[in-house]
Amino acid sequence: MSLSAEIKHLVSTTIAELYPEVDLNATPISINLTKAEFEGDYTVVLFPYVKTLRMKPDVLGNTIGEKLVAQHSLFSKFSVVAGFLNLTIADKYFIDLLQRNFNDKCYGTQALKNNKVMVEYSSPNTNKPLHFGHLRNIFLGAAVSEILKATGNGVVKANLINDRGIHICKSMIAWKKTANGATPESTGTKGDHLVGDYYVKFNELYKAELAQLIAGGMDEKTAEKEAPIMKEAQDMLRLWEAGDPETMQLWKAMNGWVYEGFNVTYDKMGISFDKWYYESETYLLGKKLVEDGLKKGVLFKKENGSIWIDLSADGLDEKLLLRGDGTSVYITQDLGTAKLKYEDFCLSKSIYVIADEQNYHMQVLQLILAKLGEPCAPTIHHLSYGMVELPTGRMKSREGTVVDADDMIAEMVQLALEQTKQQGKTDGFTEEELNQLAEMIGLGALKFYLLRVDPKKKMIFDPKESIDLHGFTATFIQYAHARICSILRKEQVELLPSAAQLNAAKAKTDIHKLEKDLLKHLELYPTVLNNASNELNPSEMCNYCFQLAQLFNGFYAELSISKAESEEAKHFRLMLIVMTALVLRNGMKLMGIALPEKM
RNA sequence: GGUCCGGUAGCUCAGCUGGAUAGAGCGACAGCCUUCUAAGCUGUAGGUCAUUGGUUCGAAUCCAAUCCGGAUCACCA
């Protein structure tokens, strides 16, 4: 049980004993961390009970406080200020906490549940390379997966590759027309970038044709439909659906290039998946669901043969599920894929990491599945996140206005390398070690930058301003960790201290305020992890780790460890920083960020 | 127009299951390295928590309305 839960329990019991007339269900105890300017650790708000009991707040507070301190060794003293009962936690609690957990690698993690949660993220199109906006999706999905694992869930990390459709045909057409057989090998270009270049090329050609048609007197709408290159792309899509051998061959080749490129990027970022779905294999799945729905009377057919669902009773519109010619639309595939995922893994929860522009789509998807009576419906959860935009607006691959993911990673690593060299603290490092460190710092900064903000908030990223390595950053946390490791090296502390050291630390009775602040924060880790898991929000963990590093830095500046005032204090502090380093490592690992021992 | 999301310091963001004088980082200014890593620490300046009204002993937090910004509402994906 967490400290605050324990306090809540003890206070509730005490109030119930003293004042049975108080209805604690109607007005539950409210416990907060005591504000820094007052003495104490946790505060009970008394106002809700003052009225019903018709007592003065200070009398009530003193009565409760006296009983608590007399009966429970958890509390060492109390004070009442206005309507607030400030409780001081006995040092022994924190000494025990440290003793129990300082080297527990599983501190805060929860026992394995017997469930399966799928987290689908990344899910790229195969017509262009990954950009900065995709990174937010990828890091979010990966972090949420790790957080769910740490809280005992069986997690399946899934990637649904959008490998078919008009967009890939556009790249294919442009390649056929202009590439002269260029391949990643022949050009020395990373496969995903090569294909992306032809996607941009397609749009250039398309625009030129549009301009010509419009100059010839055609209106814009017609021109968009009549442009020859667009017709070619649509013809190619038909050929693909018919399984035309030549088209399939080119499609496979170009997708293969893209996958090679993606895998390089995923590897670089430390991202992996347990299950890959390909839209080319799933895009026909939803049709049967739609046919069944029609039989059940949940759906209806219009004169032209198209099939719809009426969601107006739910405040939404009529939604098309199957075209008049019997072909699928976007949501048809998603219906089928949702069912497939559910049946593949017996999922208790299916999380979709998808940008908030698709909120409506996801809402409709879930509603339709529910109306069809599909058991997967209640398992679906849309983890919606805000898009990353440039100061000039949205990133658009076809316009070429994107910050490329590979470039961004390379830039951050380069920046980290320069600054590391400038610091001049890595003298004994080999070239290899230096590069590893730069990757840890550069990639860590990037991940943290994208994860530290509440997912639902939109972000604006200015490529002209490089991501900082000071302040609220991964670097700050990495640095605190390196400092701890430096002390531990110097003091030659093994991870498990000797019995003598343990006893020495136990003998310490008085805890300095800075030590206590650190311990109080360490105590919160399991609660924060649990919250981050419930909310699917890694930013809470980012904030927590940053605050912990901040508290450590304050402690470090004020209190010496190797020159502590006594042996007891020294061993106590060594244990304290061992635990701090452990929690920092575990917390940051959830975000895929490693902490160096030296930097 | 309907629905959804956001609006907190110059900038980027915490805080939002109601609690004490609204917190960090960046930027600005002033200090701190013969003592464990200064990628750090300490301090100063900087706020009508978009606006108005309501609920309450108490509102950045809950409710309503308004204003601003964004997303979305295709036989596109």
# chains A, B, ... in the order shown; residues from 1 in each chain; ligands from 1

call {"tool": "interface_residues", "arguments": {"of": "chain B", "to": "chain A", "cutoff": "6 Å", "atoms": "only C-alpha atoms (C1' of nucleotides)", "output": "list in words"}}
result
G25, C36, U37, A71 and C75 of chain B

call {"tool": "write_last_selection", "arguments": {"atoms": "N, CA, C and O atoms (P, O5', C5', C4', C3', O3' and C1' of nucleotides)", "output": "compact mmCIF listing (two decimals), in the first residue's frame"}}
result
# COMPACT_ATOMS: atom_id res chain seq x y z
P G B 25 13.59 25.45 -12.65
O5' G B 25 13.75 25.18 -14.21
C5' G B 25 14.16 23.92 -14.67
C4' G B 25 13.92 23.80 -16.15
C3' G B 25 14.48 24.94 -16.99
O3' G B 25 15.87 24.75 -17.25
C1' G B 25 12.27 24.54 -17.65
P C B 36 35.27 17.63 -5.68
O5' C B 36 34.34 16.44 -5.22
C5' C B 36 34.92 15.16 -4.99
C4' C B 36 33.90 14.08 -5.21
C3' C B 36 33.06 14.22 -6.47
O3' C B 36 33.72 13.64 -7.57
C1' C B 36 31.74 13.51 -4.59
P U B 37 32.92 13.37 -9.01
O5' U B 37 32.15 14.72 -9.39
C5' U B 37 32.85 15.89 -9.73
C4' U B 37 32.25 16.48 -10.99
C3' U B 37 30.82 16.98 -10.83
O3' U B 37 30.71 18.25 -11.46
C1' U B 37 30.98 15.54 -12.69
P A B 71 -6.94 22.50 -38.55
O5' A B 71 -7.53 21.17 -37.90
C5' A B 71 -6.67 20.07 -37.63
C4' A B 71 -7.46 18.98 -36.97
C3' A B 71 -8.61 18.43 -37.80
O3' A B 71 -8.16 17.48 -38.75
C1' A B 71 -9.38 18.87 -35.63
P C B 75 -19.30 9.84 -49.38
O5' C B 75 -18.91 8.58 -50.25
C5' C B 75 -18.00 7.68 -49.71
C4' C B 75 -17.50 6.81 -50.81
C3' C B 75 -17.05 7.58 -52.06
O3' C B 75 -15.89 6.95 -52.53
C1' C B 75 -18.78 6.05 -52.59

call {"tool": "residues_around", "arguments": {"residues": "G43 (chain B)", "least_positions_apart": "6", "cutoff": "12 Å", "atoms": "only C-alpha atoms (C1' of nucleotides)", "output": "ChimeraX atom specification"}}
result
/B:29-32

call {"tool": "closest_residue", "arguments": {"among": "A:Lys421, A:Lys516, A:Lys56, A:Lys288", "to": "Lys339 (chain A)", "atoms": "only C-alpha atoms"}}
result
A:Lys288

call {"tool": "closest_residue", "arguments": {"among": "A:Thr392, A:Ala549, A:Val156, A:Tyr544", "to": "A14 (chain B)", "atoms": "only C-alpha atoms (C1' of nucleotides)"}}
result
A:Tyr544

call {"tool": "closest_residue", "arguments": {"among": "B:A59, B:A65, B:A9, B:C33", "to": "G46 (chain B)", "atoms": "only C-alpha atoms (C1' of nucleotides)"}}
result
B:A9

call {"tool": "atom_distance", "arguments": {"atom1": "CA of Val11 (chain A)", "atom2": "C1' of U17 (chain B)"}}
result
19.0 Å

call {"tool": "atom_distance", "arguments": {"atom1": "CA of Tyr42 (chain A)", "atom2": "CA of Glu565 (chain A)"}}
result
28.7 Å

call {"tool": "atom_distance", "arguments": {"atom1": "CA of Ile173 (chain A)", "atom2": "CA of Ala208 (chain A)"}}
result
15.3 Å

call {"tool": "residues_around", "arguments": {"residues": "C16 (chain B)", "least_positions_apart": "2", "cutoff": "10 Å", "atoms": "only C-alpha atoms (C1' of nucleotides)", "output": "ChimeraX atom specification"}}
result
/B:18,60-62

call {"tool": "write_last_selection", "arguments": {"atoms": "N, CA and C atoms (P, O5', C5', C4', C3', O3' and C1' of nucleotides)", "output": "compact mmCIF listing (two decimals), in the first residue's frame"}}
result
# COMPACT_ATOMS: atom_id res chain seq x y z
P G B 18 -12.67 17.09 -6.58
O5' G B 18 -11.83 18.00 -7.59
C5' G B 18 -10.67 18.59 -7.45
C4' G B 18 -10.70 20.01 -6.98
C3' G B 18 -10.02 20.20 -5.63
O3' G B 18 -9.06 21.21 -5.80
C1' G B 18 -12.09 21.34 -5.70
P A B 60 -8.87 29.96 -8.52
O5' A B 60 -8.18 29.58 -9.90
C5' A B 60 -8.74 30.04 -11.14
C4' A B 60 -8.35 29.11 -12.25
C3' A B 60 -9.11 27.79 -12.25
O3' A B 60 -10.30 27.90 -13.00
C1' A B 60 -6.77 27.38 -12.42
P U B 61 -11.60 27.10 -12.59
O5' U B 61 -11.14 25.57 -12.49
C5' U B 61 -10.80 24.83 -13.67
C4' U B 61 -10.33 23.46 -13.26
C3' U B 61 -11.43 22.61 -12.63
O3' U B 61 -11.38 21.29 -13.13
C1' U B 61 -9.59 22.82 -11.14
P C B 62 -12.37 20.90 -14.32
O5' C B 62 -13.78 20.89 -13.58
C5' C B 62 -14.27 19.69 -13.00
C4' C B 62 -15.67 19.92 -12.49
C3' C B 62 -16.58 20.68 -13.44
O3' C B 62 -17.16 19.82 -14.41
C1' C B 62 -16.75 21.62 -11.29

call {"tool": "residues_around", "arguments": {"residues": "Leu140 (chain A)", "least_positions_apart": "3", "cutoff": "10 Å", "atoms": "only C-alpha atoms (C1' of nucleotides)", "output": "ChimeraX atom specification"}}
result
/A:121-122,134-137,143-146,353,383,385,447,450-451,455,536-539,591

call {"tool": "residues_around", "arguments": {"residues": "Leu98 (chain A)", "least_positions_apart": "3", "cutoff": "10 Å", "atoms": "only C-alpha atoms (C1' of nucleotides)", "output": "NGL selection string"}}
result
:A and (92-95 or 101-104 or 505-506 or 519 or 522-523 or 572 or 575-576 or 578-579)

call {"tool": "write_last_selection", "arguments": {"atoms": "all heavy atoms", "output": "short mmCIF file (atom, residue, chain, number, x, y, z; two decimals), in the first residue's frame"}}
result
data_model
loop_
_atom_site.label_atom_id
_atom_site.label_comp_id
_atom_site.auth_asym_id
_atom_site.auth_seq_id
_atom_site.Cartn_x
_atom_site.Cartn_y
_atom_site.Cartn_z
N LYS A 92 11.58 6.58 10.78
CA LYS A 92 11.72 5.13 10.68
C LYS A 92 11.02 4.57 9.45
O LYS A 92 11.50 3.63 8.82
CB LYS A 92 11.14 4.47 11.95
CG LYS A 92 11.37 2.96 11.98
CD LYS A 92 11.06 2.37 13.32
CE LYS A 92 11.36 0.87 13.34
NZ LYS A 92 10.78 0.12 12.23
N TYR A 93 9.89 5.17 9.11
CA TYR A 93 9.18 4.70 7.92
C TYR A 93 10.07 4.77 6.70
O TYR A 93 10.15 3.84 5.90
CB TYR A 93 7.91 5.54 7.68
CG TYR A 93 7.23 5.17 6.38
CD1 TYR A 93 6.31 4.13 6.32
CD2 TYR A 93 7.55 5.83 5.18
CE1 TYR A 93 5.72 3.76 5.13
CE2 TYR A 93 6.97 5.47 3.99
CZ TYR A 93 6.06 4.44 3.96
OH TYR A 93 5.49 4.07 2.78
N PHE A 94 10.78 5.88 6.57
CA PHE A 94 11.61 6.09 5.38
C PHE A 94 12.87 5.23 5.42
O PHE A 94 13.36 4.76 4.40
CB PHE A 94 11.95 7.57 5.23
CG PHE A 94 10.75 8.41 4.93
CD1 PHE A 94 10.23 9.27 5.88
CD2 PHE A 94 10.11 8.31 3.70
CE1 PHE A 94 9.10 10.03 5.60
CE2 PHE A 94 8.98 9.07 3.42
CZ PHE A 94 8.47 9.93 4.37
N ILE A 95 13.39 5.04 6.63
CA ILE A 95 14.56 4.17 6.77
C ILE A 95 14.20 2.74 6.36
O ILE A 95 14.91 2.09 5.60
CB ILE A 95 15.11 4.21 8.21
CG1 ILE A 95 15.67 5.61 8.51
CG2 ILE A 95 16.19 3.15 8.42
CD1 ILE A 95 15.99 5.87 9.96
N ASN A 101 13.82 -1.53 -0.19
CA ASN A 101 13.71 -1.38 -1.64
C ASN A 101 14.93 -0.84 -2.36
O ASN A 101 14.91 -0.75 -3.59
CB ASN A 101 12.54 -0.45 -1.97
CG ASN A 101 11.23 -0.99 -1.47
OD1 ASN A 101 10.83 -2.10 -1.81
ND2 ASN A 101 10.57 -0.23 -0.63
N PHE A 102 15.96 -0.49 -1.63
CA PHE A 102 17.01 0.31 -2.28
C PHE A 102 17.66 -0.42 -3.46
O PHE A 102 18.16 0.19 -4.37
CB PHE A 102 18.06 0.77 -1.27
CG PHE A 102 19.10 -0.27 -0.97
CD1 PHE A 102 20.34 -0.22 -1.59
CD2 PHE A 102 18.84 -1.28 -0.06
CE1 PHE A 102 21.29 -1.18 -1.32
CE2 PHE A 102 19.78 -2.23 0.21
CZ PHE A 102 21.01 -2.18 -0.42
N ASN A 103 17.61 -1.74 -3.42
CA ASN A 103 18.25 -2.48 -4.52
C ASN A 103 17.28 -3.45 -5.17
O ASN A 103 17.68 -4.42 -5.78
CB ASN A 103 19.47 -3.22 -3.99
CG ASN A 103 20.39 -3.63 -5.12
OD1 ASN A 103 20.45 -2.94 -6.14
ND2 ASN A 103 21.05 -4.75 -4.97
N ASP A 104 15.99 -3.13 -5.05
CA ASP A 104 14.96 -4.00 -5.62
C ASP A 104 14.71 -3.61 -7.07
O ASP A 104 14.09 -2.59 -7.35
CB ASP A 104 13.68 -3.88 -4.79
CG ASP A 104 12.55 -4.70 -5.37
OD1 ASP A 104 12.78 -5.43 -6.36
OD2 ASP A 104 11.43 -4.61 -4.84
N ALA A 505 23.96 1.94 8.24
CA ALA A 505 22.91 2.81 7.73
C ALA A 505 21.68 2.77 8.63
O ALA A 505 21.01 3.78 8.84
CB ALA A 505 22.52 2.39 6.33
N LYS A 506 21.40 1.60 9.17
CA LYS A 506 20.24 1.43 10.06
C LYS A 506 20.37 2.26 11.32
O LYS A 506 19.39 2.71 11.89
CB LYS A 506 20.13 -0.06 10.45
CG LYS A 506 18.80 -0.68 10.13
CD LYS A 506 18.80 -2.12 10.59
CE LYS A 506 17.84 -2.94 9.76
NZ LYS A 506 18.02 -4.37 9.98
N LEU A 519 13.45 10.70 -0.42
CA LEU A 519 12.76 9.46 -0.05
C LEU A 519 11.26 9.54 -0.29
O LEU A 519 10.65 8.58 -0.75
CB LEU A 519 13.04 9.14 1.42
CG LEU A 519 14.41 8.52 1.67
CD1 LEU A 519 14.82 8.68 3.12
CD2 LEU A 519 14.40 7.05 1.28
N LEU A 522 10.79 9.03 -3.89
CA LEU A 522 11.01 7.62 -4.26
C LEU A 522 9.79 6.77 -3.89
O LEU A 522 9.42 5.85 -4.61
CB LEU A 522 12.26 7.08 -3.56
CG LEU A 522 13.59 7.61 -4.11
CD1 LEU A 522 14.74 7.26 -3.16
CD2 LEU A 522 13.87 7.06 -5.50
N GLU A 523 9.18 7.14 -2.77
CA GLU A 523 8.00 6.38 -2.32
C GLU A 523 6.86 6.49 -3.33
O GLU A 523 6.03 5.59 -3.43
CB GLU A 523 7.57 6.90 -0.94
CG GLU A 523 6.57 6.01 -0.21
CD GLU A 523 5.12 6.24 -0.62
OE1 GLU A 523 4.77 7.38 -1.00
OE2 GLU A 523 4.35 5.28 -0.59
N PHE A 572 24.02 5.52 4.72
CA PHE A 572 22.62 5.83 4.46
C PHE A 572 22.49 6.55 3.11
O PHE A 572 21.66 6.22 2.28
CB PHE A 572 22.07 6.70 5.58
CG PHE A 572 20.62 7.03 5.44
CD1 PHE A 572 19.65 6.12 5.82
CD2 PHE A 572 20.22 8.27 4.93
CE1 PHE A 572 18.31 6.42 5.69
CE2 PHE A 572 18.87 8.57 4.80
CZ PHE A 572 17.92 7.66 5.18
N MET A 575 23.11 4.31 0.13
CA MET A 575 21.92 3.51 -0.19
C MET A 575 20.87 4.36 -0.90
O MET A 575 20.20 3.93 -1.84
CB MET A 575 21.32 2.91 1.08
CG MET A 575 22.08 1.73 1.61
SD MET A 575 21.52 1.25 3.24
CE MET A 575 19.97 0.51 2.85
N LEU A 576 20.74 5.58 -0.41
CA LEU A 576 19.76 6.49 -0.97
C LEU A 576 20.04 6.76 -2.45
O LEU A 576 19.13 6.75 -3.28
CB LEU A 576 19.78 7.80 -0.16
CG LEU A 576 18.77 8.89 -0.50
CD1 LEU A 576 17.35 8.34 -0.48
CD2 LEU A 576 18.90 10.04 0.49
N VAL A 578 21.86 4.88 -4.46
CA VAL A 578 21.73 3.63 -5.22
C VAL A 578 20.26 3.47 -5.64
O VAL A 578 19.95 3.17 -6.78
CB VAL A 578 22.17 2.41 -4.38
CG1 VAL A 578 21.71 1.10 -5.02
CG2 VAL A 578 23.70 2.40 -4.25
N MET A 579 19.36 3.74 -4.71
CA MET A 579 17.94 3.60 -5.02
C MET A 579 17.49 4.68 -6.02
O MET A 579 16.70 4.40 -6.92
CB MET A 579 17.10 3.69 -3.75
CG MET A 579 15.63 3.43 -4.01
SD MET A 579 14.70 3.10 -2.51
CE MET A 579 13.03 3.05 -3.17
#

call {"tool": "closest_residue", "arguments": {"among": "B:G69, B:A77, B:C63, B:G54", "to": "C5 (chain B)", "atoms": "only C-alpha atoms (C1' of nucleotides)"}}
result
B:G69

call {"tool": "closest_residue", "arguments": {"among": "B:G15, B:G7, B:G23, B:G53", "to": "Ala36 (chain A)", "atoms": "only C-alpha atoms (C1' of nucleotides)"}}
result
B:G23

call {"tool": "closest_residue", "arguments": {"among": "A:Ala111, A:Met588, A:Val155, A:Leu595", "to": "Met440 (chain A)", "atoms": "only C-alpha atoms"}}
result
A:Leu595

call {"tool": "residues_around", "arguments": {"residues": "Glu21 (chain A)", "least_positions_apart": "4", "cutoff": "12 Å", "atoms": "only C-alpha atoms (C1' of nucleotides)", "output": "PyMOL selection string"}}
result
chain A and resi 15-17+25-27+49+52-54

call {"tool": "residues_around", "arguments": {"residues": "Ser171 (chain A)", "least_positions_apart": "5", "cutoff": "7 Å", "atoms": "only C-alpha atoms (C1' of nucleotides)", "output": "list of chain:residue names"}}
result
A:Asn127, A:Val195, A:Tyr198, A:Tyr199, A:Phe202
